[in-house]
Structures are given as C-alpha cells and as structure tokens.
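A.B. asks: Got a structure here, written out as structure tokens. Questions coming.
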Amino acid sequence: MQVRVQTFAGPTAATLSVATSEIAGVEMIVAAGFLPADELLQRYGLERTDCELGGVADQIVQWQAGRRASADLPIWQDGSTFQRQVWNAIGDIPSGETATYGEIAASIGRPGAARAVGTACGQNRVAPFIPCHRVVPASGGVGSYGYGSALKSALLALEELPSPASAD
C-alpha cells in the first residue's frame, strides 16, 4: 500500500510516526507507532509516496497540544470480526483509565478470550489512536506492549495527569 507518512514529537521521548492513505475518497490513518517513519513503513510493508499528511497532521498536532479533545481521526485497519470488536472496545476506554484483557473479552461477549484479546492488541497497527496501552493484565502491572513496557507505563502515567485545559 502506498502511504504518506510524517513523524511527530511523541507524548514522551518516543517518536510518533503516522501513515495515511486515501481509501474510498477519505484520507485515513492506516498505521501509526512510536518509532521512526522508515521502521513503521518496514514493519507494515508500506511504501512512502510523500512526507506530509496535510490536514490530518494539523489535527494530530492539535490533539497532542491538548487543543483537540481526542484523536478521533479516520482510521482504516483490516482485521477479523473479533479483532474489530476488540479494537472498538479498546477505543471506548477513557483516557486515564484501564481495562483488563479479561474485561475487554467479557465486554464483547467472549469471556475466557483474554489471551486472544492480547493477540488482537499486538496486531493493532494504529497505536495510539486505538489505545491498546490502556489494556492491562488482571494480575497487575502493565503487561506487554509492542513498543515496550516502559513506554506503556509512560503513556499511562501521562494520562493520569490533568490536561492543561482542566488544571487550576
């Protein structure tokens, strides 16, 4: 797939790269991750056509600066029905909160599928827009994350801080 890709300062020291492609006439995020653009493209077998995202970039910058309530941007991610159910449930976890793999499984009517939820999290190509860092093990700790447990901990810690708009 041919994409436009741009790198942004991440919410932590990590770089955030975002790739978009036009699908059905709409510019959609097709991959995003906390790594350099070339590594993101290689990880997902994508081909760069441009280094600028246009209007999507403006929205990402506004979201990162706290001037946009959420990163509610058009996303395209192919997956099984189960994966899409998991990703939708993860998208419903509010910032600053977590859910366990088992809670996500139960919420989609698949109790006992906690390990499969973990697998679906690992196949999420659009972090942080589907915030799988908010899914944690029931046994405690932060668990695994495709970009490392330290970054997952840092992202969760950032979300516990009051946003600039709500600080007194």
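Residues in the structure tokens are numbered from 1 in each chain, the chains being A, B, ... in the order shown, and ligands are numbered from 1 in the order shown.
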At most 10 Å is the cut-off: for each residue in region 27-142 of chain A with any atom that close to an atom of region 2-14 of chain A, write down the nearest atom pair and the distance in Å rounded to one decimal, counting only C-alpha atoms, chain first then increasing number, as JSON lines.
C.D. replies:
{"residue": "A:Glu27", "atom": "CA", "partner": "A:Arg4", "partner_atom": "CA", "distance": 9.6}
{"residue": "A:Met28", "atom": "CA", "partner": "A:Val3", "partner_atom": "CA", "distance": 9.8}
{"residue": "A:Ile29", "atom": "CA", "partner": "A:Val3", "partner_atom": "CA", "distance": 9.2}
{"residue": "A:Val30", "atom": "CA", "partner": "A:Val3", "partner_atom": "CA", "distance": 8.2}
{"residue": "A:Ala31", "atom": "CA", "partner": "A:Val5", "partner_atom": "CA", "distance": 9.0}
{"residue": "A:Ala32", "atom": "CA", "partner": "A:Val5", "partner_atom": "CA", "distance": 9.1}
{"residue": "A:Gly33", "atom": "CA", "partner": "A:Ala14", "partner_atom": "CA", "distance": 9.4}
{"residue": "A:Phe34", "atom": "CA", "partner": "A:Ala14", "partner_atom": "CA", "distance": 5.8}
{"residue": "A:Leu35", "atom": "CA", "partner": "A:Ala14", "partner_atom": "CA", "distance": 6.9}
{"residue": "A:Pro36", "atom": "CA", "partner": "A:Thr7", "partner_atom": "CA", "distance": 7.0}
{"residue": "A:Ala37", "atom": "CA", "partner": "A:Thr7", "partner_atom": "CA", "distance": 6.2}
{"residue": "A:Asp38", "atom": "CA", "partner": "A:Val5", "partner_atom": "CA", "distance": 9.1}
{"residue": "A:Leu40", "atom": "CA", "partner": "A:Val5", "partner_atom": "CA", "distance": 9.1}
{"residue": "A:Leu41", "atom": "CA", "partner": "A:Val5", "partner_atom": "CA", "distance": 8.4}
{"residue": "A:Gly45", "atom": "CA", "partner": "A:Gln2", "partner_atom": "CA", "distance": 9.4}
{"residue": "A:Leu46", "atom": "CA", "partner": "A:Gln2", "partner_atom": "CA", "distance": 6.0}
{"residue": "A:Glu47", "atom": "CA", "partner": "A:Gln2", "partner_atom": "CA", "distance": 4.6}
{"residue": "A:Arg48", "atom": "CA", "partner": "A:Val3", "partner_atom": "CA", "distance": 5.1}
{"residue": "A:Thr49", "atom": "CA", "partner": "A:Arg4", "partner_atom": "CA", "distance": 5.5}
{"residue": "A:Asp50", "atom": "CA", "partner": "A:Arg4", "partner_atom": "CA", "distance": 4.6}
{"residue": "A:Cys51", "atom": "CA", "partner": "A:Val5", "partner_atom": "CA", "distance": 5.1}
{"residue": "A:Glu52", "atom": "CA", "partner": "A:Gln6", "partner_atom": "CA", "distance": 5.5}
{"residue": "A:Leu53", "atom": "CA", "partner": "A:Arg4", "partner_atom": "CA", "distance": 6.0}
{"residue": "A:Gly54", "atom": "CA", "partner": "A:Arg4", "partner_atom": "CA", "distance": 9.3}
{"residue": "A:Ala57", "atom": "CA", "partner": "A:Gln6", "partner_atom": "CA", "distance": 7.8}
{"residue": "A:Ile60", "atom": "CA", "partner": "A:Phe8", "partner_atom": "CA", "distance": 8.6}
{"residue": "A:Val61", "atom": "CA", "partner": "A:Phe8", "partner_atom": "CA", "distance": 8.0}
{"residue": "A:Gln64", "atom": "CA", "partner": "A:Pro11", "partner_atom": "CA", "distance": 7.0}
{"residue": "A:Ala65", "atom": "CA", "partner": "A:Pro11", "partner_atom": "CA", "distance": 9.3}
A.B. asks: Determine, counting only C-alpha atoms, which protein, DNA and RNA residues have an atom within 9 Å of an atom of Ser95 (chain A); residues of the same chain fewer than 2 positions away are not included. Present the result as a ChimeraX atom specification.
C.D. replies: /A:93,97-98,131,134,156,159-160
A.B. asks: Would you compute the distance between CA of Gly79 (chain A) and CA of Ala105 (chain A)? Give it in Å to one decimal.
C.D. replies: 16.4 Å
A.B. asks: Which region 50-164 of chain A residues have any atom within 9 Å of an atom of region 16-21 of chain A, and for each, what is the nearest pair of atoms with distance in Å to one decimal, counting only C-alpha atoms, rows sorted by chain and number, as a tab-separated table?
C.D. replies:
residue	atom	partner	partner_atom	distance
A:Leu53	CA	A:Thr20	CA	7.0
A:Val56	CA	A:Thr20	CA	8.5
A:Ala57	CA	A:Val18	CA	8.7
A:Ile75	CA	A:Thr20	CA	8.7
A:Trp76	CA	A:Ser21	CA	9.0
A:Val126	CA	A:Val18	CA	8.2
A:Pro128	CA	A:Leu16	CA	8.9
A.B. asks: Go ahead and save the picked residues with all heavy atoms, as a compact mmCIF listing (two decimals), in the first residue's frame.
C.D. replies:
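Saved result, again.txt, follows:
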# COMPACT_ATOMS: atom_id res chain seq x y z
N LEU A 53 1.31 14.92 5.78
CA LEU A 53 -0.05 14.38 5.89
C LEU A 53 -1.14 15.40 5.63
O LEU A 53 -2.31 15.06 5.60
CB LEU A 53 -0.27 13.78 7.28
CG LEU A 53 0.65 12.65 7.72
CD1 LEU A 53 0.20 12.10 9.05
CD2 LEU A 53 0.73 11.55 6.69
N VAL A 56 -4.65 16.06 8.20
CA VAL A 56 -4.57 15.08 9.28
C VAL A 56 -3.44 15.47 10.23
O VAL A 56 -3.56 15.38 11.45
CB VAL A 56 -4.37 13.65 8.73
CG1 VAL A 56 -4.07 12.66 9.83
CG2 VAL A 56 -5.62 13.21 7.96
N ALA A 57 -2.32 15.97 9.70
CA ALA A 57 -1.20 16.39 10.53
C ALA A 57 -1.62 17.51 11.47
O ALA A 57 -1.26 17.51 12.66
CB ALA A 57 -0.03 16.83 9.66
N ILE A 75 -9.75 6.21 10.67
CA ILE A 75 -8.80 5.09 10.76
C ILE A 75 -9.30 3.96 9.89
O ILE A 75 -10.49 3.64 9.88
CB ILE A 75 -8.67 4.61 12.21
CG1 ILE A 75 -8.04 5.70 13.08
CG2 ILE A 75 -7.88 3.32 12.30
CD1 ILE A 75 -8.06 5.39 14.55
N TRP A 76 -8.36 3.32 9.20
CA TRP A 76 -8.67 2.10 8.46
C TRP A 76 -7.71 1.04 8.95
O TRP A 76 -6.49 1.22 8.94
CB TRP A 76 -8.49 2.29 6.96
CG TRP A 76 -8.80 1.04 6.19
CD1 TRP A 76 -10.03 0.62 5.77
CD2 TRP A 76 -7.87 0.04 5.77
NE1 TRP A 76 -9.92 -0.57 5.12
CE2 TRP A 76 -8.60 -0.96 5.11
CE3 TRP A 76 -6.50 -0.12 5.91
CZ2 TRP A 76 -8.01 -2.10 4.58
CZ3 TRP A 76 -5.91 -1.25 5.39
CH2 TRP A 76 -6.67 -2.22 4.73
N VAL A 126 -2.44 0.88 14.65
CA VAL A 126 -2.67 2.31 14.73
C VAL A 126 -2.59 2.88 16.15
O VAL A 126 -3.37 3.73 16.54
CB VAL A 126 -4.00 2.71 14.04
CG1 VAL A 126 -3.93 2.50 12.54
CG2 VAL A 126 -5.16 1.94 14.63
N PRO A 128 -1.26 5.38 18.75
CA PRO A 128 -2.09 5.40 19.94
C PRO A 128 -3.56 5.67 19.66
O PRO A 128 -4.34 5.89 20.59
CB PRO A 128 -1.50 6.56 20.73
CG PRO A 128 -1.17 7.56 19.68
CD PRO A 128 -0.68 6.72 18.51
A.B. asks: Check chain A with DSSP on the backbone and list each residue it calls alpha helix (DSSP H), as an MDAnalysis selection string.
C.D. replies: chainID A and resid 37:44 55:64 81:91 101:107 114:122 149:160
A.B. asks: When you count only C-alpha atoms, which of these residues is closest to Ser153 (chain A): A:Pro74, A:Gly96, A:Gly25, A:Gly112?
C.D. replies: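 Nearest to Ser153 (chain A): A:Gly96.
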